[in-house]
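File shown: protein18.cif. Contents: mmCIF, C-alpha atoms.
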```cif
data_input
#
loop_
_atom_site.label_atom_id
_atom_site.label_comp_id
_atom_site.auth_asym_id
_atom_site.auth_seq_id
_atom_site.Cartn_x
_atom_site.Cartn_y
_atom_site.Cartn_z
CA MET M 414 110.15 96.60 124.81
CA GLU M 415 111.00 98.14 121.45
CA LYS M 416 108.81 97.47 118.43
CA ILE M 417 109.62 98.11 114.78
CA ILE M 418 106.88 97.87 112.15
CA LYS M 419 107.59 98.45 108.45
CA GLY M 420 110.96 99.95 109.35
CA LEU M 421 109.50 102.42 111.87
CA LYS M 422 110.18 102.28 115.59
CA ILE M 423 106.87 102.70 117.44
CA ASP M 424 106.65 105.20 120.29
CA PRO M 425 104.16 103.78 122.86
CA LEU M 426 103.00 107.35 123.51
CA ILE M 427 100.71 107.06 120.47
CA PHE M 428 98.49 104.67 122.45
CA THR M 429 97.83 107.04 125.37
CA PHE M 430 98.33 110.62 124.14
CA PRO M 431 94.98 112.49 124.25
CA PHE M 432 93.44 113.91 121.12
CA VAL M 433 90.09 114.88 119.62
CA PRO M 434 88.09 111.88 118.34
CA GLY M 435 88.02 113.10 114.73
CA CYS M 436 88.72 116.00 112.43
CA ASN M 437 86.01 118.66 112.10
CA ILE M 438 87.12 121.68 110.05
CA GLY M 439 84.06 123.57 111.30
CA TYR M 440 85.71 123.96 114.70
CA CYS M 441 89.17 125.07 113.63
CA SER M 442 89.33 126.07 109.93
CA GLY M 443 92.12 123.55 109.37
CA GLU M 444 94.45 125.14 111.91
CA CYS M 445 96.85 122.18 111.89
CA CYS M 446 97.51 123.01 108.23
CA TRP M 447 98.24 126.72 108.69
CA TYR M 448 101.95 126.15 109.23
CA GLY M 449 102.66 124.12 106.12
CA VAL M 450 104.34 120.74 106.03
CA TYR M 451 107.56 119.09 104.92
CA VAL M 452 107.09 116.83 101.91
CA ASP M 453 109.28 114.17 100.37
CA LEU M 454 110.97 115.20 97.14
CA GLN M 455 108.96 112.55 95.27
CA GLU M 456 105.71 113.88 96.73
CA MET M 457 106.66 117.41 95.68
CA GLU M 458 107.39 116.22 92.14
CA PHE M 459 104.06 114.36 92.00
CA ILE M 460 102.16 117.47 93.12
CA LEU M 461 103.94 119.56 90.50
CA GLN M 462 103.20 116.96 87.79
CA ASN M 463 99.51 117.42 88.67
CA LYS M 464 99.62 121.19 89.17
CA GLU M 465 97.01 122.00 86.52
CA ILE M 466 94.50 119.74 88.25
CA ILE M 467 95.30 121.17 91.68
CA LYS M 468 95.10 124.80 90.53
CA ASN M 469 91.43 124.24 89.66
CA TYR M 470 90.74 123.69 93.37
CA MET M 471 92.51 126.79 94.68
CA ASP M 472 90.76 130.03 95.57
CA GLU M 473 91.72 133.71 95.58
CA THR M 474 93.58 133.37 98.92
CA GLN M 475 96.07 130.95 97.35
CA THR M 476 98.72 131.43 94.70
CA LYS M 477 98.45 129.46 91.49
CA ASP M 478 102.08 130.30 90.73
CA ASP M 479 103.54 126.84 91.32
CA THR M 480 107.07 128.28 91.61
CA GLN M 481 105.87 129.68 94.95
CA TRP M 482 104.50 126.43 96.34
CA PHE M 483 107.65 124.94 97.87
CA GLU M 484 110.74 126.02 99.81
CA GLU M 485 114.32 124.99 99.05
CA ILE M 486 115.07 121.26 99.00
CA GLU M 487 117.08 119.90 101.93
CA GLU M 488 118.43 116.55 103.09
CA ASP M 489 116.39 114.66 105.70
CA SER M 490 116.69 110.94 106.43
CA ASP M 491 113.09 110.71 107.70
CA PHE M 492 111.90 111.01 104.10
CA LYS M 493 111.90 108.06 101.71
CA SER M 494 114.01 109.87 99.09
CA GLY M 495 116.33 111.35 101.71
CA TYR M 496 115.24 114.85 100.70
CA CYS M 497 112.36 117.14 101.59
CA SER M 498 110.92 120.58 100.99
CA GLY M 499 108.49 122.63 103.04
CA THR M 500 105.28 123.95 101.57
CA GLN M 501 105.25 127.73 101.43
CA ILE M 502 103.15 129.85 103.76
CA TYR M 503 100.93 132.14 101.68
CA ASN M 504 98.43 134.54 103.26
CA HIS M 505 99.38 133.19 106.71
CA LYS M 506 98.59 129.56 105.88
CA CYS M 507 99.87 126.61 103.86
CA VAL M 508 99.73 127.44 100.17
CA PHE M 509 97.40 124.46 99.64
CA LEU M 510 94.87 125.52 102.31
CA ASP M 511 91.83 127.38 101.00
CA LYS M 512 89.92 130.17 102.77
CA ASN M 513 87.50 127.66 104.34
CA GLY M 514 90.24 125.50 105.85
CA TYR M 515 90.10 122.74 103.25
CA CYS M 516 93.12 121.23 101.51
CA SER M 517 93.14 121.83 97.75
CA LEU M 518 95.10 118.60 97.28
CA GLN M 519 92.42 116.52 98.97
CA LYS M 520 89.56 118.48 97.37
CA ALA M 521 91.03 117.77 93.92
CA ALA M 522 91.22 114.03 94.53
CA MET M 523 87.79 113.70 96.10
CA ASP M 524 86.03 115.83 93.49
CA ARG M 525 87.60 113.74 90.72
CA GLY M 526 86.51 110.46 92.35
CA GLU M 527 90.11 109.50 93.15
CA PHE M 528 91.50 108.18 96.41
CA MET M 529 91.18 111.10 98.83
CA TRP M 530 94.88 111.20 99.76
CA LYS M 531 96.21 110.70 96.22
CA TYR M 532 97.99 114.08 96.09
CA LYS M 533 98.44 114.61 99.83
CA PRO M 534 101.89 114.28 101.46
CA ILE M 535 102.20 111.51 104.05
CA TYR M 536 102.98 113.91 106.90
CA CYS M 537 99.67 115.71 106.21
CA VAL M 538 97.77 112.44 106.17
CA ILE M 539 99.16 111.04 109.42
CA PHE M 540 99.00 114.19 111.59
CA PRO M 541 98.89 114.30 114.65
CA LEU M 542 101.40 111.52 114.18
CA THR M 543 104.83 112.24 112.79
CA ILE M 544 108.00 110.35 111.92
CA TYR M 545 111.05 111.68 113.73
CA ASN M 546 114.47 109.99 113.58
CA GLY M 547 112.84 106.82 112.27
CA THR M 548 110.23 106.73 115.05
CA LEU M 549 106.47 106.95 114.60
CA THR M 550 105.45 109.27 117.40
CA VAL M 551 103.11 112.09 118.40
CA ASP M 552 103.70 115.59 117.06
CA ASP M 553 103.00 117.03 120.52
CA GLU M 554 104.83 120.28 119.81
CA HIS M 555 102.53 121.04 116.88
CA ILE M 556 99.41 119.88 118.78
CA ALA M 557 100.22 122.34 121.58
CA ARG M 558 99.83 125.26 119.13
CA LEU M 559 96.29 124.29 118.13
CA HIS M 560 93.47 126.27 119.72
CA TYR M 561 90.82 123.56 119.49
CA CYS M 562 92.60 120.22 119.34
CA SER M 563 94.99 121.02 122.21
CA LYS M 564 92.22 121.64 124.76
CA ALA M 565 91.73 118.80 127.25
CA ARG M 566 87.92 119.17 127.19
CA HIS M 567 87.91 118.19 123.50
CA GLN M 568 90.43 115.36 123.86
CA THR M 569 88.11 112.42 124.54
CA SER M 570 90.12 109.98 122.46
CA THR M 571 93.75 109.03 121.93
CA VAL M 572 95.93 109.72 118.91
CA PHE M 573 95.89 105.98 118.18
CA GLU M 574 92.09 105.78 118.22
CA ALA M 575 91.70 108.97 116.17
CA THR M 576 94.06 107.87 113.39
CA LYS M 577 93.05 104.29 112.53
CA LYS M 578 92.53 104.97 108.79
CA GLU M 579 95.75 106.97 108.64
CA LEU M 580 97.74 104.24 110.37
CA ILE M 581 96.38 101.63 107.96
CA TYR M 582 97.36 103.92 105.06
CA LEU M 583 100.88 104.28 106.46
CA LEU M 584 101.53 100.72 107.65
CA GLY M 585 99.08 98.63 105.63
CA GLU M 586 96.42 96.39 107.15
CA ASP M 587 99.05 93.87 108.26
CA GLY M 588 101.16 96.58 109.88
CA TYR M 589 98.11 97.96 111.67
CA GLN M 590 97.27 94.48 113.03
CA GLU M 591 100.85 94.21 114.28
CA LEU M 592 100.41 97.61 115.93
CA LEU M 593 97.21 96.39 117.65
CA GLU M 594 99.10 93.37 118.98
CA TYR M 595 101.87 95.62 120.28
CA LYS M 596 99.30 97.80 122.04
CA LYS M 597 97.76 94.72 123.69
CA GLU M 598 101.21 93.55 124.84
CA LEU M 599 101.95 96.94 126.36
CA ILE M 600 98.62 98.01 127.79
CA GLY M 601 96.21 95.12 127.55
CA GLY M 602 92.59 95.41 126.36
CA GLU M 603 90.77 98.02 124.40
CA ASN M 604 90.12 100.55 127.19
CA ILE M 605 93.23 102.54 127.98
CA GLU M 606 93.86 105.49 130.21
CA ILE M 607 94.59 108.74 128.42
CA THR M 608 97.82 110.29 129.69
CA LYS M 609 99.80 113.34 128.82
#
```

In structure tokens, write the structure found in this file.
Amino acid sequence: MEKIIKGLKIDPLIFTFPFVPGCNIGYCSGECCWYGVYVDLQEMEFILQNKEIIKNYMDETQTKDDTQWFEEIEEDSDFKSGYCSGTQIYNHKCVFLDKNGYCSLQKAAMDRGEFMWKYKPIYCVIFPLTIYNGTLTVDDEHIARLHYCSKARHQTSTVFEATKKELIYLLGEDGYQELLEYKKELIGGENIEITK
């Protein structure tokens, strides 16, 4: 049974795919962020409009030359504007990742008392979820590269359980409630078997 919420087809795999119960940079130094991310053109423009703020939260392992922050723009229908750009890799990590594994975009917002994801691209926020061909699904290919989060002994949760706040951010509270109902229709109660 196919389900579409807020224009996104829902892949039932999100309810059963194993994942770590929460993010702890102390274990991995932000490894999921090493490879950069694709951002919507509007997100890129917003980051660049706030570049002077963001630069204050970058360290010596990052470039403050904002002309080196993004790759070429390309068409992609999975992005709201229809266009995206990848963040550059600088010193073997996303240009916005500091030496301690923290995101300069999120640090800037939190330090300034703003909403923590104010400057952060949606694909960063929702990882390990992704949107591919209009479907909200698991970024299993990226997860497989991670040294900590890909290990079964650490995966005591599911992607769905681990990303409640992120799903609410993406879909809204009403969309999240609809997602909960869909989960119940598919699998039943709260306890579900983790599968891979």

Ground truth for the PyMOL selection byres ((chain M and resi 568-583) around 6), written as a list in words: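 So the PyMOL selection byres ((chain M and resi 568-583) around 6), applied here, picks out Ile427, Phe428, Thr429, Phe430, Pro431, Phe432, Val433, Pro434, Gly435, Ile539, Ala565, Arg566, His567, Leu584, Gly585, Glu586 and Tyr589 of chain M.
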
Between CA of Leu549 (chain M) and CA of Gly588 (chain M), distance in Å (one decimal): 12.6 Å

Hey, which bits of region 450-524 of chain M sit within 12 Å of region 540-543 of chain M, and for each residue what's the closest pair of atoms and how far apart in Å (one decimal), counting only C-alpha atoms, rows by chain and increasing number, as a tab-separated table?
```
residue	atom	partner	partner_atom	distance
M:Val450	CA	M:Phe540	CA	10.1
M:Tyr451	CA	M:Thr543	CA	10.8
M:Asp491	CA	M:Thr543	CA	9.8
M:Phe492	CA	M:Thr543	CA	11.3
```

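Here CA of Cys446 (chain M) and CA of Asp553 (chain M) stand 14.7 Å from one another.
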
Distance in Å - CA of Lys506 (chain M) versus CA of Tyr532 (chain M): 18.3 Å

Expected selection from the PyMOL selection byres ((chain M and resi 465) around 12), given as a VMD selection string: chain M and resid 459 to 464 466 to 471 477 to 479 517 to 518 521

Output of the PyMOL selection byres ((chain M and resi 416) around 12), listed as a list in words: Met414, Glu415, Ile417, Ile418, Lys419, Gly420, Leu421, Lys422, Ile423, Asp424, Pro425, Gly547, Thr548, Leu549, Gly588, Glu591, Leu592, Leu593, Glu594, Tyr595, Lys596, Glu598 and Leu599 of chain M

Given only C-alpha atoms as the counted atoms, nearest of M:Tyr545, M:Trp530, M:Tyr515, M:Tyr536 to Gly443 (chain M):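 Nearest to Gly443 (chain M): M:Tyr515.
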
Selected residue, from M:Thr500, M:Ser494, M:Gln519, M:Thr474, that lies nearest to Tyr448 (chain M) when counting only C-alpha atoms: M:Thr500

M:Ala522, M:Trp482, M:Pro534, M:Gly439 ranked by distance to Val452 (chain M), top pick (using only C-alpha atoms):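 Answer, going by the shortest atom-to-atom distance: M:Pro534.
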
Exercise: residues within 6 Å of coordinate (114.8, 122.3, 98.3), counting only C-alpha atoms, as number ranges by chain: M: 484-487, 498

Completion step: region 576-602 of chain M with N, CA and C atoms as an mmCIF file, in the coordinates of the input:
```cif
data_model
loop_
_atom_site.group_PDB
_atom_site.id
_atom_site.type_symbol
_atom_site.label_atom_id
_atom_site.label_comp_id
_atom_site.auth_asym_id
_atom_site.auth_seq_id
_atom_site.Cartn_x
_atom_site.Cartn_y
_atom_site.Cartn_z
ATOM 1 N N THR M 576 93.341 107.966 114.667
ATOM 2 C CA THR M 576 94.060 107.870 113.390
ATOM 3 C C THR M 576 94.093 106.452 112.805
ATOM 4 N N LYS M 577 93.066 105.682 113.028
ATOM 5 C CA LYS M 577 93.050 104.290 112.530
ATOM 6 C C LYS M 577 93.237 104.240 111.009
ATOM 7 N N LYS M 578 92.429 104.998 110.264
ATOM 8 C CA LYS M 578 92.530 104.970 108.790
ATOM 9 C C LYS M 578 93.915 105.417 108.329
ATOM 10 N N GLU M 579 94.445 106.428 109.002
ATOM 11 C CA GLU M 579 95.750 106.970 108.640
ATOM 12 C C GLU M 579 96.860 105.961 108.916
ATOM 13 N N LEU M 580 96.743 105.257 110.043
ATOM 14 C CA LEU M 580 97.740 104.240 110.370
ATOM 15 C C LEU M 580 97.693 103.078 109.382
ATOM 16 N N ILE M 581 96.501 102.693 108.965
ATOM 17 C CA ILE M 581 96.380 101.630 107.960
ATOM 18 C C ILE M 581 96.991 102.100 106.637
ATOM 19 N N TYR M 582 96.774 103.355 106.287
ATOM 20 C CA TYR M 582 97.360 103.920 105.060
ATOM 21 C C TYR M 582 98.885 103.882 105.129
ATOM 22 N N LEU M 583 99.431 104.230 106.287
ATOM 23 C CA LEU M 583 100.880 104.280 106.460
ATOM 24 C C LEU M 583 101.507 102.886 106.540
ATOM 25 N N LEU M 584 100.909 102.009 107.332
ATOM 26 C CA LEU M 584 101.530 100.720 107.650
ATOM 27 C C LEU M 584 100.926 99.534 106.900
ATOM 28 N N GLY M 585 99.795 99.743 106.244
ATOM 29 C CA GLY M 585 99.080 98.630 105.630
ATOM 30 C C GLY M 585 98.246 97.915 106.678
ATOM 31 N N GLU M 586 97.306 97.119 106.220
ATOM 32 C CA GLU M 586 96.420 96.390 107.150
ATOM 33 C C GLU M 586 97.226 95.459 108.048
ATOM 34 N N ASP M 587 98.234 94.784 107.466
ATOM 35 C CA ASP M 587 99.050 93.870 108.260
ATOM 36 C C ASP M 587 99.873 94.618 109.301
ATOM 37 N N GLY M 588 100.404 95.771 108.931
ATOM 38 C CA GLY M 588 101.160 96.580 109.880
ATOM 39 C C GLY M 588 100.283 97.109 110.996
ATOM 40 N N TYR M 589 99.054 97.475 110.652
ATOM 41 C CA TYR M 589 98.110 97.960 111.670
ATOM 42 C C TYR M 589 97.766 96.835 112.646
ATOM 43 N N GLN M 590 97.567 95.616 112.144
ATOM 44 C CA GLN M 590 97.270 94.480 113.030
ATOM 45 C C GLN M 590 98.446 94.221 113.969
ATOM 46 N N GLU M 591 99.652 94.371 113.446
ATOM 47 C CA GLU M 591 100.850 94.210 114.280
ATOM 48 C C GLU M 591 100.899 95.297 115.349
ATOM 49 N N LEU M 592 100.475 96.494 114.987
ATOM 50 C CA LEU M 592 100.410 97.610 115.930
ATOM 51 C C LEU M 592 99.386 97.326 117.032
ATOM 52 N N LEU M 593 98.236 96.771 116.665
ATOM 53 C CA LEU M 593 97.210 96.390 117.650
ATOM 54 C C LEU M 593 97.763 95.363 118.632
ATOM 55 N N GLU M 594 98.501 94.393 118.116
ATOM 56 C CA GLU M 594 99.100 93.370 118.980
ATOM 57 C C GLU M 594 100.103 93.994 119.944
ATOM 58 N N TYR M 595 100.890 94.925 119.436
ATOM 59 C CA TYR M 595 101.870 95.620 120.280
ATOM 60 C C TYR M 595 101.165 96.393 121.387
ATOM 61 N N LYS M 596 100.084 97.049 121.048
ATOM 62 C CA LYS M 596 99.300 97.800 122.040
ATOM 63 C C LYS M 596 98.789 96.853 123.127
ATOM 64 N N LYS M 597 98.278 95.697 122.715
ATOM 65 C CA LYS M 597 97.760 94.720 123.690
ATOM 66 C C LYS M 597 98.879 94.216 124.598
ATOM 67 N N GLU M 598 100.058 93.991 124.033
ATOM 68 C CA GLU M 598 101.210 93.550 124.840
ATOM 69 C C GLU M 598 101.571 94.597 125.882
ATOM 70 N N LEU M 599 101.540 95.854 125.466
ATOM 71 C CA LEU M 599 101.950 96.940 126.360
ATOM 72 C C LEU M 599 100.900 97.301 127.389
ATOM 73 N N ILE M 600 99.654 97.429 126.933
ATOM 74 C CA ILE M 600 98.620 98.010 127.790
ATOM 75 C C ILE M 600 97.466 97.069 128.068
ATOM 76 N N GLY M 601 97.331 96.026 127.331
ATOM 77 C CA GLY M 601 96.210 95.120 127.550
ATOM 78 C C GLY M 601 95.053 95.442 126.623
ATOM 79 N N GLY M 602 93.833 95.290 127.137
ATOM 80 C CA GLY M 602 92.590 95.410 126.360
ATOM 81 C C GLY M 602 92.374 96.704 125.645
#
```
